[in-house]
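Peer 1: Got a structure for you, data_10.pdb, holding PDB, C-alpha atoms.
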```
ATOM      1  CA  MET A   1       6.554 -21.128   7.497
ATOM      2  CA  LYS A   2       6.558 -24.889   8.045
ATOM      3  CA  GLU A   3       7.196 -24.344  11.756
ATOM      4  CA  ALA A   4       4.380 -21.818  11.963
ATOM      5  CA  ALA A   5       1.982 -24.260  10.326
ATOM      6  CA  VAL A   6       2.645 -27.008  12.860
ATOM      7  CA  GLY A   7       3.020 -24.735  15.859
ATOM      8  CA  ALA A   8       6.730 -25.350  16.401
ATOM      9  CA  GLY A   9       9.073 -22.516  17.214
ATOM     10  CA  GLY A  10       8.004 -21.833  20.796
ATOM     11  CA  GLU A  11       5.630 -18.925  20.187
ATOM     12  CA  SER A  12       2.033 -18.987  21.255
ATOM     13  CA  PRO A  13      -0.676 -18.951  18.550
ATOM     14  CA  ARG A  14      -1.576 -15.455  19.777
ATOM     15  CA  GLU A  15       1.879 -14.174  18.790
ATOM     16  CA  LYS A  16       2.032 -15.775  15.368
ATOM     17  CA  THR A  17      -0.566 -16.068  12.618
ATOM     18  CA  ALA A  18      -0.018 -17.600   9.166
ATOM     19  CA  GLY A  19       3.729 -17.123   9.458
ATOM     20  CA  PHE A  20       3.442 -13.495  10.583
ATOM     21  CA  GLU A  21       4.536 -12.408  14.024
ATOM     22  CA  MET A  22       2.265  -9.781  15.526
ATOM     23  CA  GLY A  23       5.278  -7.710  16.609
ATOM     24  CA  GLN A  24       6.550  -7.614  13.022
ATOM     25  CA  ILE A  25       3.138  -6.523  11.751
ATOM     26  CA  ALA A  26       2.905  -3.787  14.405
ATOM     27  CA  ALA A  27       6.418  -2.559  13.510
ATOM     28  CA  PHE A  28       5.513  -2.546   9.784
ATOM     29  CA  LEU A  29       2.385  -0.487  10.497
ATOM     30  CA  ARG A  30       4.230   1.998  12.727
ATOM     31  CA  GLY A  31       7.002   2.343  10.141
ATOM     32  CA  ASN A  32       4.407   3.122   7.486
ATOM     33  CA  ALA A  33       2.781   5.653   9.827
ATOM     34  CA  GLU A  34       6.136   7.438  10.147
ATOM     35  CA  ARG A  35       6.652   7.397   6.376
ATOM     36  CA  LEU A  36       3.147   8.805   5.830
ATOM     37  CA  GLU A  37       3.852  11.658   8.241
ATOM     38  CA  LYS A  38       7.035  12.479   6.296
ATOM     39  CA  ALA A  39       5.336  12.113   2.902
ATOM     40  CA  LYS A  40       4.921  15.175   0.719
ATOM     41  CA  PRO A  41       1.643  14.636  -1.112
ATOM     42  CA  PRO A  42       0.721  17.423  -3.514
ATOM     43  CA  GLU A  43      -2.074  19.723  -2.395
ATOM     44  CA  ARG A  44      -4.780  21.336  -4.455
ATOM     45  CA  GLU A  45      -7.739  23.454  -3.456
ATOM     46  CA  GLY A  46     -10.587  21.244  -2.329
ATOM     47  CA  PHE A  47      -8.355  18.209  -1.673
ATOM     48  CA  ALA A  48      -6.759  17.676   1.729
ATOM     49  CA  THR A  49      -4.196  15.060   0.751
ATOM     50  CA  GLY A  50      -1.863  15.990   3.612
ATOM     51  CA  ALA A  51      -4.676  15.698   6.125
ATOM     52  CA  LEU A  52      -5.645  12.306   4.687
ATOM     53  CA  ALA A  53      -2.026  11.122   5.001
ATOM     54  CA  ARG A  54      -1.868  12.275   8.647
ATOM     55  CA  GLU A  55      -5.226  10.659   9.445
ATOM     56  CA  SER A  56      -4.041   7.421   7.826
ATOM     57  CA  ALA A  57      -0.846   7.560   9.915
ATOM     58  CA  ARG A  58      -2.916   7.953  13.091
ATOM     59  CA  ALA A  59      -5.124   5.020  12.068
ATOM     60  CA  LEU A  60      -2.067   2.848  11.355
ATOM     61  CA  ARG A  61      -0.759   3.509  14.861
ATOM     62  CA  GLU A  62      -4.127   2.548  16.364
ATOM     63  CA  ILE A  63      -4.174  -0.625  14.283
ATOM     64  CA  ALA A  64      -0.611  -1.427  15.415
ATOM     65  CA  ASP A  65      -1.700  -1.063  19.060
ATOM     66  CA  ASP A  66      -4.660  -3.389  18.412
ATOM     67  CA  VAL A  67      -2.396  -5.938  16.720
ATOM     68  CA  GLU A  68      -0.217  -6.081  19.833
ATOM     69  CA  LEU A  69      -3.178  -6.360  22.208
ATOM     70  CA  LYS A  70      -5.215  -8.958  20.356
ATOM     71  CA  GLN A  71      -4.746 -11.311  17.472
ATOM     72  CA  PRO A  72      -6.520  -9.843  14.448
ATOM     73  CA  ARG A  73      -7.859 -11.782  11.511
ATOM     74  CA  LEU A  74      -5.262 -11.058   8.867
ATOM     75  CA  GLU A  75      -7.892 -10.981   6.123
ATOM     76  CA  ASP A  76      -9.766  -8.197   7.931
ATOM     77  CA  LEU A  77      -6.544  -6.313   8.580
ATOM     78  CA  GLU A  78      -5.528  -6.599   4.907
ATOM     79  CA  ARG A  79      -8.958  -5.330   3.770
ATOM     80  CA  ARG A  80      -8.646  -2.298   6.023
ATOM     81  CA  LEU A  81      -5.119  -1.544   4.787
ATOM     82  CA  THR A  82      -6.228  -1.911   1.158
ATOM     83  CA  ILE A  83      -9.073   0.565   1.687
ATOM     84  CA  MET A  84      -6.711   3.074   3.296
ATOM     85  CA  GLU A  85      -4.251   2.732   0.407
ATOM     86  CA  GLU A  86      -7.019   3.105  -2.207
ATOM     87  CA  LYS A  87      -8.199   6.337  -0.549
ATOM     88  CA  LEU A  88      -4.667   7.729  -0.548
ATOM     89  CA  PHE A  89      -4.208   6.782  -4.190
ATOM     90  CA  ALA A  90      -7.534   8.348  -5.191
ATOM     91  CA  ALA A  91      -6.542  11.600  -3.487
ATOM     92  CA  LEU A  92      -3.121  11.592  -5.178
ATOM     93  CA  LEU A  93      -4.717  10.883  -8.549
ATOM     94  CA  ALA A  94      -7.129  13.785  -8.071
ATOM     95  CA  VAL A  95      -4.431  16.337  -7.233
ATOM     96  CA  THR A  96      -1.767  15.248  -9.733
ATOM     97  CA  PRO A  97      -1.715  17.422 -12.851
ATOM     98  CA  ASP A  98      -2.892  15.692 -16.029
ATOM     99  CA  SER A  99       0.451  16.374 -17.688
ATOM    100  CA  ASP A 100       2.227  14.353 -14.975
ATOM    101  CA  LEU A 101      -0.230  11.483 -15.377
ATOM    102  CA  VAL A 102       0.253  11.510 -19.150
ATOM    103  CA  ALA A 103       4.024  11.378 -18.620
ATOM    104  CA  VAL A 104       3.709   8.385 -16.288
ATOM    105  CA  ARG A 105       1.413   6.552 -18.713
ATOM    106  CA  THR A 106       3.854   7.281 -21.550
ATOM    107  CA  GLU A 107       6.637   5.815 -19.438
ATOM    108  CA  ALA A 108       4.445   2.778 -18.756
ATOM    109  CA  ASP A 109       3.744   2.350 -22.482
ATOM    110  CA  ARG A 110       7.452   2.394 -23.206
ATOM    111  CA  ASP A 111       8.228  -0.163 -20.479
ATOM    112  CA  ILE A 112       5.313  -2.453 -21.375
ATOM    113  CA  ALA A 113       5.824  -2.309 -25.168
ATOM    114  CA  PRO A 114       8.051  -5.421 -25.456
ATOM    115  CA  TYR A 115       5.431  -7.542 -23.680
ATOM    116  CA  ARG A 116       2.245  -5.982 -25.052
ATOM    117  CA  ARG A 117       1.604  -8.496 -27.853
ATOM    118  CA  ASN A 118       1.589 -11.362 -25.337
ATOM    119  CA  MET A 119      -1.066  -9.743 -23.124
ATOM    120  CA  THR A 120      -4.769  -9.132 -23.420
ATOM    121  CA  ALA A 121      -6.168  -5.593 -23.422
ATOM    122  CA  ALA A 122      -7.432  -6.124 -19.878
ATOM    123  CA  GLN A 123      -3.963  -7.197 -18.727
ATOM    124  CA  VAL A 124      -2.346  -4.163 -20.359
ATOM    125  CA  GLU A 125      -4.869  -1.839 -18.719
ATOM    126  CA  GLN A 126      -4.346  -3.488 -15.307
ATOM    127  CA  LEU A 127      -0.584  -3.155 -15.692
ATOM    128  CA  HIS A 128      -0.977   0.532 -16.598
ATOM    129  CA  LYS A 129      -3.098   1.085 -13.510
ATOM    130  CA  GLN A 130      -0.549  -0.639 -11.262
ATOM    131  CA  TYR A 131       2.316   1.305 -12.848
ATOM    132  CA  VAL A 132       0.618   4.677 -12.342
ATOM    133  CA  HIS A 133      -0.347   3.711  -8.793
ATOM    134  CA  LYS A 134       3.229   2.740  -7.930
ATOM    135  CA  ARG A 135       4.783   5.847  -9.494
ATOM    136  CA  LEU A 136       2.399   8.285  -7.789
ATOM    137  CA  LEU A 137       2.992   6.706  -4.390
ATOM    138  CA  GLU A 138       6.771   6.724  -4.919
ATOM    139  CA  ARG A 139       6.846  10.393  -6.015
ATOM    140  CA  CYS A 140       5.162  11.496  -2.818
ATOM    141  CA  GLY A 141       6.907   9.101  -0.446
ATOM    142  CA  VAL A 142       3.659   7.329   0.389
ATOM    143  CA  PRO A 143       4.319   3.706   1.419
ATOM    144  CA  ARG A 144       2.453   0.627   0.289
ATOM    145  CA  LEU A 145       0.256  -0.390   3.208
ATOM    146  CA  SER A 146      -0.580  -3.989   2.303
ATOM    147  CA  LEU A 147       0.977  -6.781   4.327
ATOM    148  CA  PHE A 148       2.179  -8.162   0.994
ATOM    149  CA  TYR A 149       4.828  -5.417   1.047
ATOM    150  CA  MET A 150       6.061  -6.337   4.510
ATOM    151  CA  HIS A 151       9.727  -7.373   4.409
TER     152      HIS A 151
END
```
Once more with this new file: its structure as structure tokens, please.

Peer 2:
Amino acid sequence: MKEAAVGAGGESPREKTAGFEMGQIAAFLRGNAERLEKAKPPEREGFATGALARESARALREIADDVELKQPRLEDLERRLTIMEEKLFAALLAVTPDSDLVAVRTEADRDIAPYRRNMTAAQVEQLHKQYVHKRLLERCGVPRLSLFYMH
């Protein structure tokens, strides 16, 4: 990261932004597109979760192409990825049976219990939300889209 900050390392500024190489970002996006196409989101009448996953995969490929052609602002890219992930999560939440959601929240309660007294109510609620979010995405094979999950 130090090299990226001072411009060392031999890559042009167009190829590297804030320590991220554009090729790595494009590969991350394409990998997530493949995972979305293989995902098995639950379906329910009136909710096209599979179609949303396929549309998101197509959009990720377009974004990956744009990343390779021009240097995007990473903040704008991250906002777009966050919106796509929130839509996918909302669709999964809508089609998941209440009994499954109750089971996940019960699991979260059990895992959070040892730490609960050291957290505010808002922190506990935020942790519950993150836990449910993570579990629903994992169950369906839907990847995290944020650049923060790029390895």

Peer 1: Identify all residues satisfying the PyMOL selection byres ((chain A and resi 78-93) around 9) in the given file; provide them as a PyMOL selection string.

Peer 2: chain A and resi 41-43+47-49+52-53+56+60+73-77+94-97+101+133+136-137+140+142-148

Peer 1: Within 12 Å of (4.1, -7.3, 15.3) (file coordinates; only C-alpha atoms), which protein or nucleic acid residues are there? I'd like them as a PDB file with C-alpha atoms, in the frame of the given file.

Peer 2:
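Result saved to out17.pdb:
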```
ATOM      1  CA  ARG A  14      -1.576 -15.455  19.777  1.00  0.00           C
ATOM      2  CA  GLU A  15       1.879 -14.174  18.790  1.00  0.00           C
ATOM      3  CA  LYS A  16       2.032 -15.775  15.368  1.00  0.00           C
ATOM      4  CA  THR A  17      -0.566 -16.068  12.618  1.00  0.00           C
ATOM      5  CA  GLY A  19       3.729 -17.123   9.458  1.00  0.00           C
ATOM      6  CA  PHE A  20       3.442 -13.495  10.583  1.00  0.00           C
ATOM      7  CA  GLU A  21       4.536 -12.408  14.024  1.00  0.00           C
ATOM      8  CA  MET A  22       2.265  -9.781  15.526  1.00  0.00           C
ATOM      9  CA  GLY A  23       5.278  -7.710  16.609  1.00  0.00           C
ATOM     10  CA  GLN A  24       6.550  -7.614  13.022  1.00  0.00           C
ATOM     11  CA  ILE A  25       3.138  -6.523  11.751  1.00  0.00           C
ATOM     12  CA  ALA A  26       2.905  -3.787  14.405  1.00  0.00           C
ATOM     13  CA  ALA A  27       6.418  -2.559  13.510  1.00  0.00           C
ATOM     14  CA  PHE A  28       5.513  -2.546   9.784  1.00  0.00           C
ATOM     15  CA  LEU A  29       2.385  -0.487  10.497  1.00  0.00           C
ATOM     16  CA  ARG A  30       4.230   1.998  12.727  1.00  0.00           C
ATOM     17  CA  GLY A  31       7.002   2.343  10.141  1.00  0.00           C
ATOM     18  CA  ARG A  61      -0.759   3.509  14.861  1.00  0.00           C
ATOM     19  CA  ILE A  63      -4.174  -0.625  14.283  1.00  0.00           C
ATOM     20  CA  ALA A  64      -0.611  -1.427  15.415  1.00  0.00           C
ATOM     21  CA  ASP A  65      -1.700  -1.063  19.060  1.00  0.00           C
ATOM     22  CA  ASP A  66      -4.660  -3.389  18.412  1.00  0.00           C
ATOM     23  CA  VAL A  67      -2.396  -5.938  16.720  1.00  0.00           C
ATOM     24  CA  GLU A  68      -0.217  -6.081  19.833  1.00  0.00           C
ATOM     25  CA  LEU A  69      -3.178  -6.360  22.208  1.00  0.00           C
ATOM     26  CA  LYS A  70      -5.215  -8.958  20.356  1.00  0.00           C
ATOM     27  CA  GLN A  71      -4.746 -11.311  17.472  1.00  0.00           C
ATOM     28  CA  PRO A  72      -6.520  -9.843  14.448  1.00  0.00           C
ATOM     29  CA  LEU A  74      -5.262 -11.058   8.867  1.00  0.00           C
ATOM     30  CA  LEU A 147       0.977  -6.781   4.327  1.00  0.00           C
ATOM     31  CA  MET A 150       6.061  -6.337   4.510  1.00  0.00           C
TER      32      MET A 150
END
```

Peer 1: Run the PyMOL selection byres ((chain A and resi 102-112) around 10) mentally over the shown coordinates, then write out the matched residues as a list in words, using the chain letters and numbers from the document.

Peer 2: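 After applying the PyMOL selection byres ((chain A and resi 102-112) around 10), what remains is Pro97, Asp98, Ser99, Asp100, Leu101, Ala113, Pro114, Tyr115, Arg116, Arg117, Met119, Val124, Leu127, His128, Lys129, Gln130, Tyr131, Val132, His133, Arg135 and Leu136 of chain A.
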
Peer 1: To one decimal in Å, tell me the separation between CA of Gln126 in chain A and CA of Arg54 in chain A.

Peer 2: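 Those two atoms sit 28.8 Å apart.
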
Peer 1: A:Glu125, A:Ala33, A:Glu45, A:Lys38: which is nearest Ala57 in chain A, counting only C-alpha atoms?

Peer 2: A:Ala33

Peer 1: Could you check which of A:Glu37, A:Tyr149, A:Glu138, A:Glu62 is closest to Gly50 in chain A, using only C-alpha atoms?

Peer 2: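 Using only C-alpha atoms, the shortest distance to Gly50 in chain A belongs to A:Glu37.
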
Peer 1: Expressed in Å to a single decimal, how great is the separation between CA of Ala39 in chain A and CA of Glu55 in chain A?

Peer 2: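 CA of Glu55 in chain A lies 12.5 Å from CA of Ala39 in chain A.
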
Peer 1: Emit as lines of an AutoDock Vina configuration file the padded axis-aligned box for all listed atoms of range 22-31 of chain A, 5 Å per side, with centre and edge lengths in Å to one decimal.

Peer 2:
```
center_x = 4.6
center_y = -3.7
center_z = 13.2
size_x = 14.7
size_y = 22.1
size_z = 16.8
```

Peer 1: Kindly add N, CA, C and O atoms to the incomplete range 47-73 of chain A and provide the output as a short mmCIF file (atom, residue, chain, number, x, y, z; two decimals), keeping the file's coordinate frame.

Peer 2:
```
data_model
loop_
_atom_site.label_atom_id
_atom_site.label_comp_id
_atom_site.auth_asym_id
_atom_site.auth_seq_id
_atom_site.Cartn_x
_atom_site.Cartn_y
_atom_site.Cartn_z
N PHE A 47 -8.86 19.55 -1.96
CA PHE A 47 -8.36 18.21 -1.67
C PHE A 47 -7.35 18.30 -0.54
O PHE A 47 -6.32 18.96 -0.67
N ALA A 48 -7.63 17.64 0.56
CA ALA A 48 -6.76 17.68 1.73
C ALA A 48 -5.91 16.42 1.78
O ALA A 48 -6.06 15.57 2.66
N THR A 49 -5.01 16.28 0.82
CA THR A 49 -4.20 15.06 0.75
C THR A 49 -3.27 14.93 1.96
O THR A 49 -3.06 13.82 2.47
N GLY A 50 -2.72 16.04 2.42
CA GLY A 50 -1.86 15.99 3.61
C GLY A 50 -2.64 15.55 4.84
O GLY A 50 -2.16 14.75 5.65
N ALA A 51 -3.84 16.08 4.99
CA ALA A 51 -4.68 15.70 6.12
C ALA A 51 -5.05 14.22 6.06
O ALA A 51 -5.06 13.53 7.08
N LEU A 52 -5.33 13.73 4.85
CA LEU A 52 -5.64 12.31 4.69
C LEU A 52 -4.44 11.45 5.05
O LEU A 52 -4.59 10.42 5.73
N ALA A 53 -3.24 11.87 4.66
CA ALA A 53 -2.03 11.12 5.00
C ALA A 53 -1.83 11.10 6.51
O ALA A 53 -1.52 10.04 7.09
N ARG A 54 -2.03 12.22 7.18
CA ARG A 54 -1.87 12.28 8.65
C ARG A 54 -2.92 11.43 9.35
O ARG A 54 -2.63 10.73 10.32
N GLU A 55 -4.16 11.49 8.86
CA GLU A 55 -5.23 10.66 9.44
C GLU A 55 -4.92 9.18 9.25
O GLU A 55 -5.14 8.36 10.15
N SER A 56 -4.41 8.82 8.09
CA SER A 56 -4.04 7.42 7.83
C SER A 56 -2.91 6.99 8.75
O SER A 56 -2.91 5.86 9.24
N ALA A 57 -1.95 7.88 9.00
CA ALA A 57 -0.85 7.56 9.91
C ALA A 57 -1.37 7.30 11.32
O ALA A 57 -0.96 6.35 11.99
N ARG A 58 -2.31 8.14 11.76
CA ARG A 58 -2.92 7.95 13.09
C ARG A 58 -3.63 6.61 13.16
O ARG A 58 -3.49 5.85 14.11
N ALA A 59 -4.39 6.29 12.11
CA ALA A 59 -5.12 5.02 12.07
C ALA A 59 -4.16 3.82 12.07
O ALA A 59 -4.43 2.82 12.74
N LEU A 60 -3.05 3.94 11.37
CA LEU A 60 -2.07 2.85 11.36
C LEU A 60 -1.50 2.60 12.75
O LEU A 60 -1.29 1.45 13.14
N ARG A 61 -1.26 3.67 13.49
CA ARG A 61 -0.76 3.51 14.86
C ARG A 61 -1.80 2.83 15.75
O ARG A 61 -1.47 1.97 16.58
N GLU A 62 -3.06 3.20 15.59
CA GLU A 62 -4.13 2.55 16.36
C GLU A 62 -4.23 1.07 16.01
O GLU A 62 -4.38 0.22 16.89
N ILE A 63 -4.12 0.76 14.73
CA ILE A 63 -4.17 -0.62 14.28
C ILE A 63 -2.99 -1.39 14.86
O ILE A 63 -3.14 -2.54 15.31
N ALA A 64 -1.80 -0.78 14.86
CA ALA A 64 -0.61 -1.43 15.42
C ALA A 64 -0.81 -1.75 16.89
O ALA A 64 -0.45 -2.84 17.36
N ASP A 65 -1.41 -0.82 17.64
CA ASP A 65 -1.70 -1.06 19.06
C ASP A 65 -2.65 -2.24 19.21
O ASP A 65 -2.46 -3.11 20.07
N ASP A 66 -3.69 -2.29 18.37
CA ASP A 66 -4.66 -3.39 18.41
C ASP A 66 -4.00 -4.72 18.09
O ASP A 66 -4.31 -5.74 18.71
N VAL A 67 -3.09 -4.71 17.12
CA VAL A 67 -2.40 -5.94 16.72
C VAL A 67 -1.62 -6.50 17.90
O VAL A 67 -1.59 -7.71 18.12
N GLU A 68 -1.00 -5.63 18.68
CA GLU A 68 -0.22 -6.08 19.83
C GLU A 68 -1.10 -6.56 20.98
O GLU A 68 -0.69 -7.45 21.73
N LEU A 69 -2.29 -5.99 21.11
CA LEU A 69 -3.18 -6.36 22.21
C LEU A 69 -4.00 -7.61 21.94
O LEU A 69 -4.30 -8.37 22.85
N LYS A 70 -4.38 -7.80 20.69
CA LYS A 70 -5.22 -8.96 20.36
C LYS A 70 -4.85 -9.47 18.97
O LYS A 70 -4.36 -8.72 18.14
N GLN A 71 -5.08 -10.70 18.76
CA GLN A 71 -4.75 -11.31 17.47
C GLN A 71 -5.83 -10.99 16.45
O GLN A 71 -6.96 -11.45 16.57
N PRO A 72 -5.50 -10.18 15.45
CA PRO A 72 -6.52 -9.84 14.45
C PRO A 72 -6.63 -10.93 13.39
O PRO A 72 -5.74 -11.75 13.23
N ARG A 73 -7.74 -10.93 12.70
CA ARG A 73 -7.86 -11.78 11.51
C ARG A 73 -7.09 -11.06 10.43
O ARG A 73 -7.39 -9.90 10.11
#
```
